[in-house]
file coords-v4.cif (mmCIF, C-alpha atoms)
data_final
#
loop_
_atom_site.label_atom_id
_atom_site.label_comp_id
_atom_site.auth_asym_id
_atom_site.auth_seq_id
_atom_site.Cartn_x
_atom_site.Cartn_y
_atom_site.Cartn_z
CA MET A 861 21.63 2.26 -1.63
CA PRO A 862 18.14 2.49 -0.05
CA THR A 863 15.58 0.01 -1.28
CA THR A 864 12.21 0.79 -2.79
CA VAL A 865 9.51 0.54 -0.16
CA ASP A 866 6.28 -1.45 -0.54
CA LEU A 867 3.42 0.99 -0.49
CA THR A 868 -0.27 1.45 -1.14
CA ILE A 869 -1.58 4.60 -2.78
CA ARG A 870 -5.21 5.52 -2.13
CA PRO A 871 -7.43 8.59 -2.08
CA ASP A 872 -7.25 10.12 1.37
CA ASP A 873 -8.41 13.00 3.54
CA PRO A 874 -5.84 15.82 3.84
CA HIS A 875 -7.28 16.62 7.27
CA ARG A 876 -6.14 13.36 8.90
CA PRO A 877 -3.68 14.23 11.69
CA ASP A 878 -0.62 12.56 10.12
CA VAL A 879 -1.41 14.05 6.71
CA LEU A 880 -1.92 17.50 8.24
CA ALA A 881 1.52 17.25 9.85
CA LEU A 882 3.13 16.31 6.49
CA LEU A 883 1.32 19.13 4.67
CA GLU A 884 2.27 21.65 7.37
CA GLU A 885 5.91 20.57 7.00
CA HIS A 886 5.55 20.91 3.23
CA LEU A 887 4.14 24.43 3.45
CA ALA A 888 6.77 25.46 6.03
CA ASP A 889 9.54 24.27 3.69
CA MET A 890 7.98 26.06 0.72
CA TYR A 891 7.84 29.36 2.67
CA ALA A 892 11.37 28.85 4.01
CA THR A 893 12.70 28.25 0.49
CA SER A 894 10.72 30.67 -1.69
CA PRO A 895 9.31 34.18 -1.34
CA ALA A 896 5.66 34.10 -0.22
CA GLU A 897 4.40 35.34 -3.60
CA SER A 898 6.16 32.39 -5.26
CA VAL A 899 4.65 29.68 -3.03
CA HIS A 900 1.88 27.86 -4.89
CA ALA A 901 1.44 24.84 -2.61
CA LEU A 902 -2.14 24.22 -1.58
CA ASP A 903 -3.22 24.25 2.06
CA PRO A 904 -5.23 21.23 3.33
CA ALA A 905 -8.60 22.96 2.87
CA SER A 906 -7.75 23.58 -0.81
CA LEU A 907 -6.96 19.90 -1.39
CA VAL A 908 -10.62 18.86 -1.26
CA GLY A 909 -13.45 19.70 -3.57
CA PRO A 910 -14.61 19.33 -7.13
CA GLY A 911 -11.89 18.72 -9.69
CA LEU A 912 -9.27 17.78 -7.12
CA THR A 913 -8.15 14.31 -6.01
CA PHE A 914 -5.73 13.82 -3.12
CA TRP A 915 -3.79 10.58 -2.52
CA THR A 916 -1.47 9.32 0.16
CA ALA A 917 1.14 6.57 -0.02
CA ARG A 918 1.37 4.35 3.07
CA ASP A 919 3.43 1.33 3.99
CA ALA A 920 2.02 -2.01 5.24
CA THR A 921 1.80 -0.65 8.80
CA GLY A 922 -0.22 2.38 7.65
CA ALA A 923 2.65 4.81 8.14
CA LEU A 924 2.38 7.85 5.88
CA LEU A 925 5.13 7.93 3.24
CA GLY A 926 3.96 10.75 0.98
CA CYS A 927 1.13 12.51 -0.80
CA ALA A 928 0.17 14.05 -4.11
CA ALA A 929 -2.87 15.67 -5.70
CA LEU A 930 -4.27 16.09 -9.19
CA LYS A 931 -6.19 19.28 -10.00
CA GLN A 932 -8.33 19.24 -13.13
CA LEU A 933 -7.63 22.37 -15.21
CA ALA A 934 -9.80 21.42 -18.20
CA ALA A 935 -11.42 18.25 -19.52
CA ASP A 936 -8.10 17.09 -20.98
CA ASP A 937 -5.56 18.94 -18.82
CA ALA A 938 -4.59 18.62 -15.15
CA GLU A 939 -1.98 19.90 -12.72
CA LEU A 940 0.13 17.92 -10.27
CA LYS A 941 -0.09 19.58 -6.84
CA SER A 942 1.28 19.14 -3.32
CA MET A 943 3.57 16.21 -4.00
CA ARG A 944 5.60 15.46 -0.89
CA THR A 945 7.59 12.52 0.42
CA ALA A 946 8.00 12.11 4.18
CA GLY A 947 11.59 12.72 5.27
CA ALA A 948 12.12 9.14 6.51
CA ALA A 949 10.92 7.74 3.17
CA ARG A 950 13.07 9.86 0.82
CA GLY A 951 15.30 8.03 -1.63
CA ARG A 952 13.15 4.89 -1.47
CA GLY A 953 11.05 5.36 -4.62
CA VAL A 954 8.00 6.94 -2.99
CA GLY A 955 8.09 10.08 -5.16
CA GLY A 956 8.40 8.04 -8.34
CA ALA A 957 5.58 5.71 -7.29
CA LEU A 958 3.28 8.63 -6.45
CA LEU A 959 4.10 10.37 -9.72
CA ALA A 960 3.47 7.20 -11.75
CA HIS A 961 0.14 6.72 -9.96
CA VAL A 962 -1.02 10.28 -10.57
CA LEU A 963 0.00 10.14 -14.25
CA ALA A 964 -1.82 6.81 -14.72
CA GLU A 965 -4.93 8.33 -13.13
CA ALA A 966 -4.67 11.34 -15.45
CA VAL A 967 -4.48 9.00 -18.47
CA ALA A 968 -7.49 7.02 -17.19
CA ARG A 969 -9.45 10.28 -16.88
CA GLY A 970 -8.73 11.21 -20.48
CA CYS A 971 -6.17 13.91 -19.80
CA ARG A 972 -3.86 14.70 -22.68
CA THR A 973 -1.45 16.78 -20.58
CA VAL A 974 -0.37 17.23 -16.99
CA HIS A 975 1.30 20.46 -15.90
CA LEU A 976 3.19 21.36 -12.75
CA GLU A 977 5.03 24.21 -11.12
CA THR A 978 8.01 23.79 -8.84
CA GLY A 979 10.81 25.94 -7.52
CA THR A 980 14.04 26.98 -9.19
CA GLN A 981 16.11 26.84 -5.99
CA GLU A 982 18.60 24.02 -5.33
CA TYR A 983 16.17 22.58 -2.76
CA PHE A 984 13.89 21.59 -5.66
CA ALA A 985 16.63 19.93 -7.77
CA PRO A 986 15.52 16.37 -6.82
CA ALA A 987 11.98 17.24 -7.90
CA ARG A 988 13.14 18.66 -11.21
CA ARG A 989 15.25 15.53 -11.89
CA LEU A 990 12.29 13.26 -11.09
CA TYR A 991 9.99 15.19 -13.42
CA ALA A 992 12.55 15.18 -16.24
CA ARG A 993 12.97 11.39 -15.89
CA ALA A 994 9.18 11.09 -16.12
CA GLY A 995 9.08 12.93 -19.45
CA PHE A 996 8.11 16.41 -18.26
CA VAL A 997 9.56 19.29 -20.28
CA GLU A 998 9.79 22.95 -19.37
CA CYS A 999 6.99 25.13 -20.69
CA PRO A 1000 5.67 28.67 -20.28
CA PRO A 1001 3.43 29.50 -17.31
CA PHE A 1002 0.00 27.86 -17.58
CA GLY A 1003 -3.38 28.55 -16.01
CA ASP A 1004 -3.20 31.54 -13.68
CA TYR A 1005 0.58 31.39 -13.24
CA VAL A 1006 2.83 34.22 -14.43
CA GLU A 1007 6.57 34.37 -15.13
CA ASP A 1008 8.46 34.15 -11.85
CA PRO A 1009 12.22 33.72 -11.36
CA HIS A 1010 11.46 31.39 -8.43
CA SER A 1011 9.19 29.06 -10.45
CA VAL A 1012 9.74 26.64 -13.29
CA PHE A 1013 6.82 25.20 -15.23
CA TYR A 1014 6.59 21.76 -16.77
CA ARG A 1015 4.25 19.90 -19.09
CA ARG A 1016 3.95 16.16 -19.77
CA ASP A 1017 2.20 14.99 -22.92
CA LEU A 1018 0.19 11.86 -22.08
CA GLN A 1019 -0.56 10.77 -25.64
CA GLY A 1020 1.78 7.81 -25.22
CA GLY A 1021 0.40 6.93 -21.78
CA ALA A 1022 1.92 7.43 -18.37
CA PRO A 1023 5.63 6.67 -17.94
CA THR A 1024 7.13 4.86 -15.01
CA PRO A 1025 9.29 7.51 -13.34
CA GLY A 1026 12.67 6.56 -11.97
CA ARG A 1027 13.59 6.33 -8.34
CA GLY A 1028 13.57 9.38 -6.20
CA ALA A 1029 11.52 11.54 -3.92
CA ALA A 1030 10.62 15.08 -4.57
CA PRO A 1031 9.43 18.09 -2.63
CA HIS A 1032 6.89 19.83 -4.76
CA GLY A 1033 4.75 22.95 -4.58
#
call {"tool": "encode", "arguments": {"input": "coords-v4.cif", "output": "structure tokens"}}
result
Amino acid sequence: MPTTVDLTIRPDDPHRPDVLALLEEHLADMYATSPAESVHALDPASLVGPGLTFWTARDATGALLGCAALKQLAADDAELKSMRTAGAARGRGVGGALLAHVLAEAVARGCRTVHLETGTQEYFAPARRLYARAGFVECPPFGDYVEDPHSVFYRRDLQGGAPTPGRGAAPHG
């Protein structure tokens, strides 16, 4: 069984060359897995700006292990975006660590809920399992999303604080 990797999670620039490569891989996988109209992953330019925080997870050598973003939807509601674990780091707890970090940040910012959208295809099954372990439950579309057979929507109530998600890595839109 792979071991959990030591990592540091910090705000980062999605335009750094290694991050760009990971995000390009992420977008390519999203378009290869879902119809274009069902891809809601953000491009690097959309991961900067007001109301959006982007983090990367790196190991002690500085190698990129994964990324995630939090998009503020309202004063007390946010959306998890662009969560991705690098292929070489999958199954080592990176996805769970990123998710726990983002949820803790949402709690610290006064969010009462965090929403997310991910795919319904088998490719996204690890992501759906990770979110379920972290206390996310299915919900109707939120924000500007509409019903889509290729999307599933989740909501996590943060009233009890942020959970510590279980092991796992997750592709996420």
call {"tool": "resolve_selection", "arguments": {"input": "coords-v4.cif", "expression": "the PyMOL selection byres ((chain A and resi 895) around 12)", "output": "JSON, numbers by chain"}}
result
{"A": [888, 889, 890, 891, 892, 893, 894, 896, 897, 898, 899, 900, 979, 980, 981, 1008, 1009, 1010, 1011]}
call {"tool": "atom_distance", "arguments": {"input": "coords-v4.cif", "atom1": "CA of Gly951 (chain A)", "atom2": "CA of Ala917 (chain A)"}}
result
14.3 Å
call {"tool": "atom_distance", "arguments": {"input": "coords-v4.cif", "atom1": "CA of Ala935 (chain A)", "atom2": "CA of Val908 (chain A)"}}
result
18.3 Å
call {"tool": "residues_around", "arguments": {"input": "coords-v4.cif", "residues": "Asp1017 (chain A)", "least_positions_apart": "6", "cutoff": "8 Å", "atoms": "all atoms listed in the file", "output": "list of chain:residue names"}}
result
A:Arg972, A:Thr973, A:Val974, A:Gly995, A:Phe996
call {"tool": "resolve_selection", "arguments": {"input": "coords-v4.cif", "expression": "the PyMOL selection byres ((chain A and resi 1003) around 12)", "output": "list of chain:residue names"}}
result
A:Lys931, A:Gln932, A:Leu933, A:Ala934, A:Asp937, A:Ala938, A:Glu939, A:Val974, A:His975, A:Leu976, A:Glu977, A:Cys999, A:Pro1000, A:Pro1001, A:Phe1002, A:Asp1004, A:Tyr1005, A:Val1006, A:Glu1007, A:Phe1013, A:Arg1015
call {"tool": "decode", "arguments": {"input": "coords-v4.cif", "residues": "region 876-1002 of chain A", "atoms": "C-alpha atoms", "output": "mmCIF file, in the first residue's frame"}}
result
data_model
loop_
_atom_site.group_PDB
_atom_site.id
_atom_site.type_symbol
_atom_site.label_atom_id
_atom_site.label_comp_id
_atom_site.auth_asym_id
_atom_site.auth_seq_id
_atom_site.Cartn_x
_atom_site.Cartn_y
_atom_site.Cartn_z
ATOM 1 C CA ARG A 876 4.127 28.583 -13.077
ATOM 2 C CA PRO A 877 5.426 26.160 -15.729
ATOM 3 C CA ASP A 878 4.946 22.966 -13.685
ATOM 4 C CA VAL A 879 1.482 24.076 -12.558
ATOM 5 C CA LEU A 880 0.513 24.975 -16.124
ATOM 6 C CA ALA A 881 1.502 21.476 -17.243
ATOM 7 C CA LEU A 882 -0.639 19.885 -14.485
ATOM 8 C CA LEU A 883 -3.620 22.120 -15.315
ATOM 9 C CA GLU A 884 -3.266 21.409 -19.042
ATOM 10 C CA GLU A 885 -3.277 17.673 -18.263
ATOM 11 C CA HIS A 886 -6.334 18.216 -16.060
ATOM 12 C CA LEU A 887 -8.243 20.072 -18.772
ATOM 13 C CA ALA A 888 -7.235 17.513 -21.422
ATOM 14 C CA ASP A 889 -8.570 14.692 -19.220
ATOM 15 C CA MET A 890 -11.802 16.587 -18.548
ATOM 16 C CA TYR A 891 -12.402 17.093 -22.300
ATOM 17 C CA ALA A 892 -11.456 13.478 -23.050
ATOM 18 C CA THR A 893 -13.908 12.215 -20.427
ATOM 19 C CA SER A 894 -16.886 14.579 -20.702
ATOM 20 C CA PRO A 895 -18.698 16.428 -23.485
ATOM 21 C CA ALA A 896 -17.371 19.992 -23.868
ATOM 22 C CA GLU A 897 -20.600 21.525 -22.527
ATOM 23 C CA SER A 898 -20.185 19.456 -19.346
ATOM 24 C CA VAL A 899 -16.588 20.511 -18.608
ATOM 25 C CA HIS A 900 -16.534 23.078 -15.811
ATOM 26 C CA ALA A 901 -12.823 23.033 -14.957
ATOM 27 C CA LEU A 902 -11.232 26.458 -14.880
ATOM 28 C CA ASP A 903 -8.352 27.393 -17.158
ATOM 29 C CA PRO A 904 -5.231 28.932 -15.535
ATOM 30 C CA ALA A 905 -6.297 32.516 -16.288
ATOM 31 C CA SER A 906 -9.596 31.900 -14.457
ATOM 32 C CA LEU A 907 -7.788 30.650 -11.339
ATOM 33 C CA VAL A 908 -6.606 34.129 -10.349
ATOM 34 C CA GLY A 909 -8.587 37.135 -9.279
ATOM 35 C CA PRO A 910 -10.930 38.365 -6.610
ATOM 36 C CA GLY A 911 -12.809 35.687 -4.709
ATOM 37 C CA LEU A 912 -10.544 32.866 -5.852
ATOM 38 C CA THR A 913 -7.619 31.262 -4.025
ATOM 39 C CA PHE A 914 -5.380 28.686 -5.697
ATOM 40 C CA TRP A 915 -3.083 26.319 -3.778
ATOM 41 C CA THR A 916 -0.496 23.749 -4.727
ATOM 42 C CA ALA A 917 0.820 20.807 -2.730
ATOM 43 C CA ARG A 918 4.562 20.172 -3.054
ATOM 44 C CA ASP A 919 6.954 17.694 -1.505
ATOM 45 C CA ALA A 920 10.184 18.599 0.330
ATOM 46 C CA THR A 921 12.069 18.867 -2.981
ATOM 47 C CA GLY A 922 9.492 21.309 -4.385
ATOM 48 C CA ALA A 923 7.989 18.769 -6.774
ATOM 49 C CA LEU A 924 4.361 19.526 -7.605
ATOM 50 C CA LEU A 925 1.988 16.913 -6.175
ATOM 51 C CA GLY A 926 -1.401 18.529 -6.760
ATOM 52 C CA CYS A 927 -3.551 21.628 -6.734
ATOM 53 C CA ALA A 928 -6.955 22.916 -5.694
ATOM 54 C CA ALA A 929 -8.852 26.200 -5.658
ATOM 55 C CA LEU A 930 -11.624 27.770 -3.618
ATOM 56 C CA LYS A 931 -14.050 30.119 -5.367
ATOM 57 C CA GLN A 932 -16.170 32.361 -3.155
ATOM 58 C CA LEU A 933 -19.822 32.156 -4.249
ATOM 59 C CA ALA A 934 -21.252 34.294 -1.427
ATOM 60 C CA ALA A 935 -20.064 35.524 1.959
ATOM 61 C CA ASP A 936 -20.816 32.140 3.525
ATOM 62 C CA ASP A 937 -20.631 29.786 0.524
ATOM 63 C CA ALA A 938 -17.742 28.648 -1.672
ATOM 64 C CA GLU A 939 -16.995 26.137 -4.417
ATOM 65 C CA LEU A 940 -14.109 23.693 -4.651
ATOM 66 C CA LYS A 941 -12.529 24.002 -8.114
ATOM 67 C CA SER A 942 -9.718 22.455 -10.156
ATOM 68 C CA MET A 943 -8.629 19.829 -7.666
ATOM 69 C CA ARG A 944 -6.012 17.604 -9.265
ATOM 70 C CA THR A 945 -3.369 15.189 -8.030
ATOM 71 C CA ALA A 946 -0.289 14.593 -10.177
ATOM 72 C CA GLY A 947 -0.250 11.078 -11.619
ATOM 73 C CA ALA A 948 2.909 10.033 -9.744
ATOM 74 C CA ALA A 949 1.388 11.152 -6.431
ATOM 75 C CA ARG A 950 -2.000 9.398 -6.691
ATOM 76 C CA GLY A 951 -2.955 7.037 -3.897
ATOM 77 C CA ARG A 952 -0.588 8.740 -1.437
ATOM 78 C CA GLY A 953 -3.044 11.003 0.396
ATOM 79 C CA VAL A 954 -2.464 14.173 -1.626
ATOM 80 C CA GLY A 955 -6.124 14.577 -2.614
ATOM 81 C CA GLY A 956 -7.291 14.117 0.965
ATOM 82 C CA ALA A 957 -4.692 16.569 2.276
ATOM 83 C CA LEU A 958 -5.648 19.200 -0.307
ATOM 84 C CA LEU A 959 -9.338 18.738 0.425
ATOM 85 C CA ALA A 960 -8.797 19.024 4.192
ATOM 86 C CA HIS A 961 -6.744 22.182 3.656
ATOM 87 C CA VAL A 962 -9.347 23.836 1.436
ATOM 88 C CA LEU A 963 -12.179 22.939 3.832
ATOM 89 C CA ALA A 964 -10.211 24.315 6.808
ATOM 90 C CA GLU A 965 -9.614 27.539 4.866
ATOM 91 C CA ALA A 966 -13.323 27.772 4.063
ATOM 92 C CA VAL A 967 -14.158 27.382 7.772
ATOM 93 C CA ALA A 968 -11.583 30.057 8.687
ATOM 94 C CA ARG A 969 -13.191 32.420 6.160
ATOM 95 C CA GLY A 970 -16.620 31.957 7.723
ATOM 96 C CA CYS A 971 -18.110 29.762 5.029
ATOM 97 C CA ARG A 972 -21.074 27.686 6.108
ATOM 98 C CA THR A 973 -21.066 25.494 2.991
ATOM 99 C CA VAL A 974 -18.737 24.347 0.246
ATOM 100 C CA HIS A 975 -20.156 23.082 -3.035
ATOM 101 C CA LEU A 976 -18.538 21.216 -5.903
ATOM 102 C CA GLU A 977 -19.323 19.709 -9.267
ATOM 103 C CA THR A 978 -17.655 16.612 -10.650
ATOM 104 C CA GLY A 979 -18.333 14.082 -13.356
ATOM 105 C CA THR A 980 -20.640 11.081 -13.316
ATOM 106 C CA GLN A 981 -18.347 8.887 -15.434
ATOM 107 C CA GLU A 982 -16.331 6.029 -13.910
ATOM 108 C CA TYR A 983 -13.171 8.148 -14.286
ATOM 109 C CA PHE A 984 -14.499 10.378 -11.481
ATOM 110 C CA ALA A 985 -15.364 7.528 -9.076
ATOM 111 C CA PRO A 986 -12.242 8.113 -6.900
ATOM 112 C CA ALA A 987 -13.216 11.782 -6.585
ATOM 113 C CA ARG A 988 -16.781 10.939 -5.617
ATOM 114 C CA ARG A 989 -15.548 8.467 -2.965
ATOM 115 C CA LEU A 990 -13.156 11.064 -1.522
ATOM 116 C CA TYR A 991 -15.903 13.687 -1.313
ATOM 117 C CA ALA A 992 -18.333 11.248 0.321
ATOM 118 C CA ARG A 993 -15.706 10.324 2.942
ATOM 119 C CA ALA A 994 -15.253 14.046 3.613
ATOM 120 C CA GLY A 995 -18.954 14.505 4.372
ATOM 121 C CA PHE A 996 -20.151 15.884 1.035
ATOM 122 C CA VAL A 997 -23.688 14.908 0.035
ATOM 123 C CA GLU A 998 -25.354 15.134 -3.351
ATOM 124 C CA CYS A 999 -27.431 18.242 -3.943
ATOM 125 C CA PRO A 1000 -29.220 20.004 -6.793
ATOM 126 C CA PRO A 1001 -27.228 22.228 -9.163
ATOM 127 C CA PHE A 1002 -26.000 25.413 -7.479
#
